[in-house]
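Reading through the structure tokens given below for one structure.
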Amino acid sequence: QLQLVESGGGLVQPGGSLRLSCAASGSTLNYRGIGWFRQAPGKEREGVSCISRSGDNTNYADSVKGRFTISRDNAKNTVYLQMNSLKPEDTAVYYCAAFSALLSQSMCVMAPGPYNYWGQGTQVTVSS
């Protein structure tokens with residue numbers, strides 16, 4: 001059974017950076033597409049970024065384009081989200097999620113529907 005654990009969240013000042021990690025155990029991430037989602041208080045969960053199984057296809061929400069970078073290290077069974085130039089509106093609980101991508105190595109999905117494995121989330125707070 002695949003388990004995902006996020007880490008790297010915390011309190012950072014506006015303009016600062018954080019790198020979130022999503023470490024997998026119990027199964028390999030090699031055949032799975034991965035997404036990062038976030039949910040702020042009183043708001044719906046939104047897709048932040050995704051990366052295909054092969055790593056050659058990525059996508060970002062308009063609000064984070066140019067500031068966030070998703071990457072994966074299949075050898076370490078880990079996916080990362082580098083977040084730069086953080087803004088107060090980036091404050092949220094960040095979740096990583098995985099779905100089986102056996103049929104498509106380039107599938108990258110920003111909607112939560114296909115994802116069937118979720119981490120517990122890590123809090124990111126951007127405040128001065």
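So you can find residues: chains in the structure tokens are A, B, ... in the order shown, residues in each start at 1, and ligands are numbered from 1 in order.
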Per residue of segment 14-62 of chain A within 8 Å of segment 86-98 of chain A, what are the shortest atom pair and its distance in Å to one decimal, counting only C-alpha atoms, with rows by chain and residue number, as CSV?
residue,atom,partner,partner_atom,distance
A:Pro14,CA,A:Lys87,CA,5.1
A:Gly15,CA,A:Leu86,CA,4.9
A:Gly16,CA,A:Leu86,CA,5.5
A:Ser17,CA,A:Leu86,CA,6.2
A:Cys22,CA,A:Cys96,CA,6.3
A:Leu29,CA,A:Ala98,CA,7.9
A:Arg32,CA,A:Ala98,CA,6.0
A:Gly33,CA,A:Ala98,CA,5.7
A:Ile34,CA,A:Ala98,CA,4.6
A:Gly35,CA,A:Ala97,CA,5.2
A:Trp36,CA,A:Cys96,CA,4.5
A:Phe37,CA,A:Tyr95,CA,5.1
A:Arg38,CA,A:Tyr94,CA,4.3
A:Gln39,CA,A:Ala92,CA,5.2
A:Ala40,CA,A:Ala92,CA,4.2
A:Pro41,CA,A:Ala92,CA,7.2
Name the residues in contact with Tyr60 of chain A at a cut-off of 12 Å, using only C-alpha atoms, excluding same-chain residues fewer than 3 positions from it; report them as a ChimeraX atom specification. /A:35-37,46-51,57,63-71,81,83,108-111
Deliver the residues from the most recent selection as a file, using C-alpha atoms, as a compact mmCIF listing (two decimals), in the first residue's frame.
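What landed in part20.txt:
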# COMPACT_ATOMS: atom_id res chain seq x y z
CA GLY A 35 0.30 16.26 -7.99
CA TRP A 36 0.65 18.94 -5.37
CA PHE A 37 -2.55 20.50 -4.05
CA GLU A 46 -6.85 23.50 -5.59
CA GLY A 47 -4.25 21.99 -7.86
CA VAL A 48 -0.87 23.66 -7.61
CA SER A 49 1.31 21.54 -9.85
CA CYS A 50 1.62 18.10 -11.38
CA ILE A 51 4.32 15.97 -12.93
CA ASN A 57 5.42 16.83 -18.54
CA SER A 63 -0.97 31.73 -9.55
CA VAL A 64 2.35 29.92 -9.05
CA LYS A 65 3.84 29.86 -12.55
CA GLY A 66 7.38 31.17 -12.59
CA ARG A 67 7.69 30.81 -8.80
CA PHE A 68 7.17 27.09 -8.11
CA THR A 69 9.01 24.14 -9.64
CA ILE A 70 8.00 20.51 -9.36
CA SER A 71 10.51 17.70 -9.78
CA LEU A 81 8.00 21.30 -4.85
CA MET A 83 8.55 27.36 -3.85
CA CYS A 108 -0.20 15.21 -15.77
CA VAL A 109 -3.45 15.98 -13.98
CA MET A 110 -4.28 19.14 -12.02
CA ALA A 111 -7.71 18.02 -10.81
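Non-sequential neighbours of Gly26 of chain A (distance at most 7 Å, separation of 4 or more positions within a chain, only C-alpha atoms) are Gln1, Leu2 and Gln3 of chain A.
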Taking the DSSP assignment computed from this structure's backbone, write out as JSON, numbers by chain all residues of chain A that belong to strand (DSSP E or B). {"A": [3, 4, 5, 6, 7, 10, 11, 12, 18, 19, 20, 21, 22, 23, 24, 25, 32, 33, 34, 35, 36, 37, 38, 39, 46, 47, 48, 49, 50, 51, 58, 59, 60, 68, 69, 70, 71, 72, 73, 78, 79, 80, 81, 82, 83, 92, 93, 94, 95, 96, 97, 98, 99, 100, 117, 118, 122, 123, 124, 125, 126]}
What separation in Å, quoted to one decimal, exists between atom CA of Pro112 of chain A and atom CA of Ser85 of chain A?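 One can read the atom CA of Pro112 of chain A to atom CA of Ser85 of chain A distance as 25.4 Å.
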List the spatial neighbours of Ser7 of chain A as a PyMOL selection string - criterion: any atom at most 9 Å away, only C-alpha atoms, same-chain residues fewer than 6 positions off excluded. chain A and resi 19-23+121-123
May I have the selected residues written with N, CA and C atoms, as a PDB file, in the first residue's frame?
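Result file follows (again18.pdb):
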ATOM      1  N   ARG A  19      11.165  24.343   0.267  1.00  0.00           N
ATOM      2  CA  ARG A  19      11.102  23.173  -0.599  1.00  0.00           C
ATOM      3  C   ARG A  19      10.332  22.081   0.120  1.00  0.00           C
ATOM      4  N   LEU A  20       9.225  21.710  -0.461  1.00  0.00           N
ATOM      5  CA  LEU A  20       8.420  20.624   0.072  1.00  0.00           C
ATOM      6  C   LEU A  20       8.883  19.302  -0.533  1.00  0.00           C
ATOM      7  N   SER A  21       8.847  18.272   0.283  1.00  0.00           N
ATOM      8  CA  SER A  21       9.163  16.925  -0.177  1.00  0.00           C
ATOM      9  C   SER A  21       7.965  16.024   0.033  1.00  0.00           C
ATOM     10  N   CYS A  22       7.813  15.082  -0.861  1.00  0.00           N
ATOM     11  CA  CYS A  22       6.763  14.074  -0.757  1.00  0.00           C
ATOM     12  C   CYS A  22       7.465  12.725  -0.894  1.00  0.00           C
ATOM     13  N   ALA A  23       7.643  12.070   0.240  1.00  0.00           N
ATOM     14  CA  ALA A  23       8.347  10.798   0.251  1.00  0.00           C
ATOM     15  C   ALA A  23       7.350   9.644   0.246  1.00  0.00           C
ATOM     16  N   GLY A 121      -0.538  16.099   4.516  1.00  0.00           N
ATOM     17  CA  GLY A 121      -0.434  17.542   4.367  1.00  0.00           C
ATOM     18  C   GLY A 121       0.649  18.157   5.236  1.00  0.00           C
ATOM     19  N   THR A 122       1.161  19.282   4.772  1.00  0.00           N
ATOM     20  CA  THR A 122       2.133  20.062   5.533  1.00  0.00           C
ATOM     21  C   THR A 122       1.739  21.532   5.444  1.00  0.00           C
ATOM     22  N   GLN A 123       1.801  22.218   6.576  1.00  0.00           N
ATOM     23  CA  GLN A 123       1.353  23.606   6.637  1.00  0.00           C
ATOM     24  C   GLN A 123       2.437  24.542   6.122  1.00  0.00           C
TER      25      GLN A 123
END
Measuring atom to atom with only C-alpha atoms, identify which of A:Ser54, A:Leu11, A:Gly42, A:Leu4 is nearest to Leu103 of chain A.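 Looking at the shortest contact to Leu103 of chain A, the residue is A:Ser54.
These are the residues of chain A assigned helix (DSSP H, G or I) by DSSP from backbone coordinates: A:Asn74, A:Ala75, A:Lys76, A:Pro88, A:Glu89, A:Asp90.
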Measure the distance from atom CA of Leu102 of chain A to atom CA of Glu6 of chain A in Å and round it to one decimal. 23.6 Å
Given only C-alpha atoms as the counted atoms, nearest of A:Leu18, A:Glu44, A:Ser106, A:Ala101 to Gln82 of chain A: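 When distances to Gln82 of chain A are compared using only C-alpha atoms, the smallest one comes from A:Leu18.
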Using only C-alpha atoms, the residue out of A:Asn74, A:Asn84, A:Ser25, A:Gln105 with shortest distance to Gly119 of chain A is A:Ser25
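Relative to atom CA of Thr125 of chain A, atom CA of Gly10 of chain A is found at 6.1 Å.
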